[in-house]
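Have a look at the structure below before the remarks.
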Amino acid sequence: MAFATFTLGAIEVPIVATAVHNGHELRPEVEELMLLDADTRLREEDPFTDFFAAAFEAFAVVHRSRFEVDLNRVRDRALYSEPDDAWGLDLWRGDLPAQVRSESLRLYDQFYADLTRLLEEVVAAHGGFVLYDLHSYNHRRGGADFATAPEAENPAVNVGTGSVPGGWNKVSGAFIEEMSRHRQGDNILDVRENVKFRGQRLAGWVHEHYGKVACALAIELKKTWMDEWTGTVDSTAQQELRDALLATVGPVTEAWRSIAGQ
């Protein structure tokens with residue numbers, strides 16, 4: 001399977017979506033060294049986030065596991081070496097060979113080069129963009145039969161804006177306001193900013209390279225739309241979240257244009 005898929009549609013709006021932790025595959029030489037079983041890996045990945053990213057005209061979806069290389073960490077921490085790097089999990093049968101590390105980092109560099117090419121196309125069309133950095137997160141870490149984590153500290157949608165330049169706060173505000181109008185099942189979506197996560201490398205990279213014309217929102221969807229222990233998806237809840245994300249395009253685009261002067 002290819003490492004990642006990059007898709008550029010009609011570019012009618014300046015919105016780009018990414019799902020960099022969507023993948024589950026490992027290249028053979030990495031899988032041979034991996035101690036974790038597939039189910040444990042899947043629980044710590046962001047499966048099915050490609051469903052959300054592919055709703056947008058311009059998107060990038062990664063098909064390889066974050067355990068091969070984590071694109072949302074800075075380059076010198078993109079390979080999990082110790083249990084402390086990955087939720088205390090014992091990962092490898094010995095040290096990673098140099099050639100394995102080198103190829104994983106080559107893929108890291110290639111992803112960011114390919115993402116740059118996609119983003120440059122959007123900049124050429126609109127003068128800038130808003131990037132939806134899509135993830136999902138666990139809230140039943142105690143086990144399948146344990147209570148869910150407290151809602152006060154675990155919103156249905158966490159919008160990470162830790163690296164967003166101050167001038168773009170109207171964009172994050174428009175996103176949160178619109179998402180908060182929507183329901184998942186019987187509940188209005190609980191959408192809050194920087195409660196659980198503040199965003200990591202991908203968002204930071206966007207702001208380092210495009211901060212004058214673009215911003216990235218690190219969007220974490222709590223796994224209420226799937227069972228994090230079995231991997232079973234609630235297709236209705238998943239579709240409700242996708243519809244809510246798509247509904248933000250208009251307000252977020254308007255907010256971005258009001259700041260960017262486009």
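FYI, nothing fancy with the structure tokens labels: chains A, B, ... in order, residues from 1 per chain, ligands from 1 as they appear.
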Find the spatial neighbours of Ala144 (chain A), counting only C-alpha atoms, within a cut-off of 12 Å - ignore same-chain residues fewer than 6 positions away - and output them as a PDB file with C-alpha atoms, in the first residue's frame.
```pdb
ATOM      1  CA  ARG A  43      -6.409   1.286  19.522  1.00  0.00           C
ATOM      2  CA  ASN A 138      -9.624   7.321  23.302  1.00  0.00           C
ATOM      3  CA  ASP A 227     -15.701   1.378  19.885  1.00  0.00           C
ATOM      4  CA  GLU A 228     -12.039   1.983  20.638  1.00  0.00           C
ATOM      5  CA  TRP A 229     -11.612  -1.601  21.918  1.00  0.00           C
ATOM      6  CA  THR A 230     -13.251  -3.532  19.066  1.00  0.00           C
ATOM      7  CA  GLY A 231     -12.831  -1.045  16.225  1.00  0.00           C
TER       8      GLY A 231
END
```
Which residues of region 142-259 of chain A come within 10 Å of region 102-123 of chain A, and what is each one's closest atom pair and distance in Å (one decimal), counting only C-alpha atoms, sorted by chain and residue number, as a Markdown table?
```
| residue | atom | partner | partner_atom | distance |
| --- | --- | --- | --- | --- |
| A:Leu202 | CA | A:Tyr112 | CA | 9.1 |
| A:Trp205 | CA | A:Tyr112 | CA | 9.2 |
| A:Val206 | CA | A:Thr116 | CA | 9.4 |
| A:His209 | CA | A:Thr116 | CA | 9.3 |
| A:Tyr210 | CA | A:Leu119 | CA | 9.3 |
| A:Val213 | CA | A:Val123 | CA | 8.3 |
| A:Ala214 | CA | A:Val123 | CA | 8.8 |
```
As number ranges by chain, please: the residues near Lys222 (chain A) (cut-off 8 Å, only C-alpha atoms, same-chain neighbours under 3 positions excluded).
A: 136-139, 154-158, 225
Counting only C-alpha atoms, which of A:Asp234, A:Glu44, A:Asp50, A:Asp133 gets nearest to Ala216 (chain A)?
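Of all the options, A:Asp133 lies closest to Ala216 (chain A).
Nearest to Thr148 (chain A) of all the residues A:Arg93, A:Thr224, A:Arg198, A:Ile188 is A:Thr224, based on only C-alpha atoms.
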Report as an MDAnalysis selection string all protein, DNA and RNA residues lying within 12 Å of Ser235 (chain A), evaluated on only C-alpha atoms, omitting residues in the same chain fewer than 2 positions from it.
chainID A and resid 48 51:52 184:185 224:227 231:233 237:242
Quick one: pick out all alpha helix (DSSP H) residues within region 19-238 of chain A from a backbone DSSP run and write them as a PyMOL selection string.
chain A and resi 28-33+38-44+50-53+98-126+169-179+201-210+235-238
Ranking A:Asp190, A:Arg183, A:Gly167, A:Leu134 by minimum distance to Leu217 (chain A) and counting only C-alpha atoms, which one comes first?
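Closest residue, counting only C-alpha atoms: A:Leu134.
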Find the residues near Glu178 (chain A): any atom within 9 Å, counting only C-alpha atoms, skip ones fewer than 3 places away on the same chain, and give them as a list of chain:residue names.
A:Gly173, A:Ala174, A:Phe175, A:Arg181, A:His182, A:Ala244, A:Leu245, A:Ala247, A:Thr248, A:Pro251, A:Val252
Excluding Leu35 (chain A) and residues on its chain fewer than 4 positions from it, collect all residues at most 9 Å away from it, counting only C-alpha atoms, and give them as a ChimeraX atom specification.
/A:31,90-93
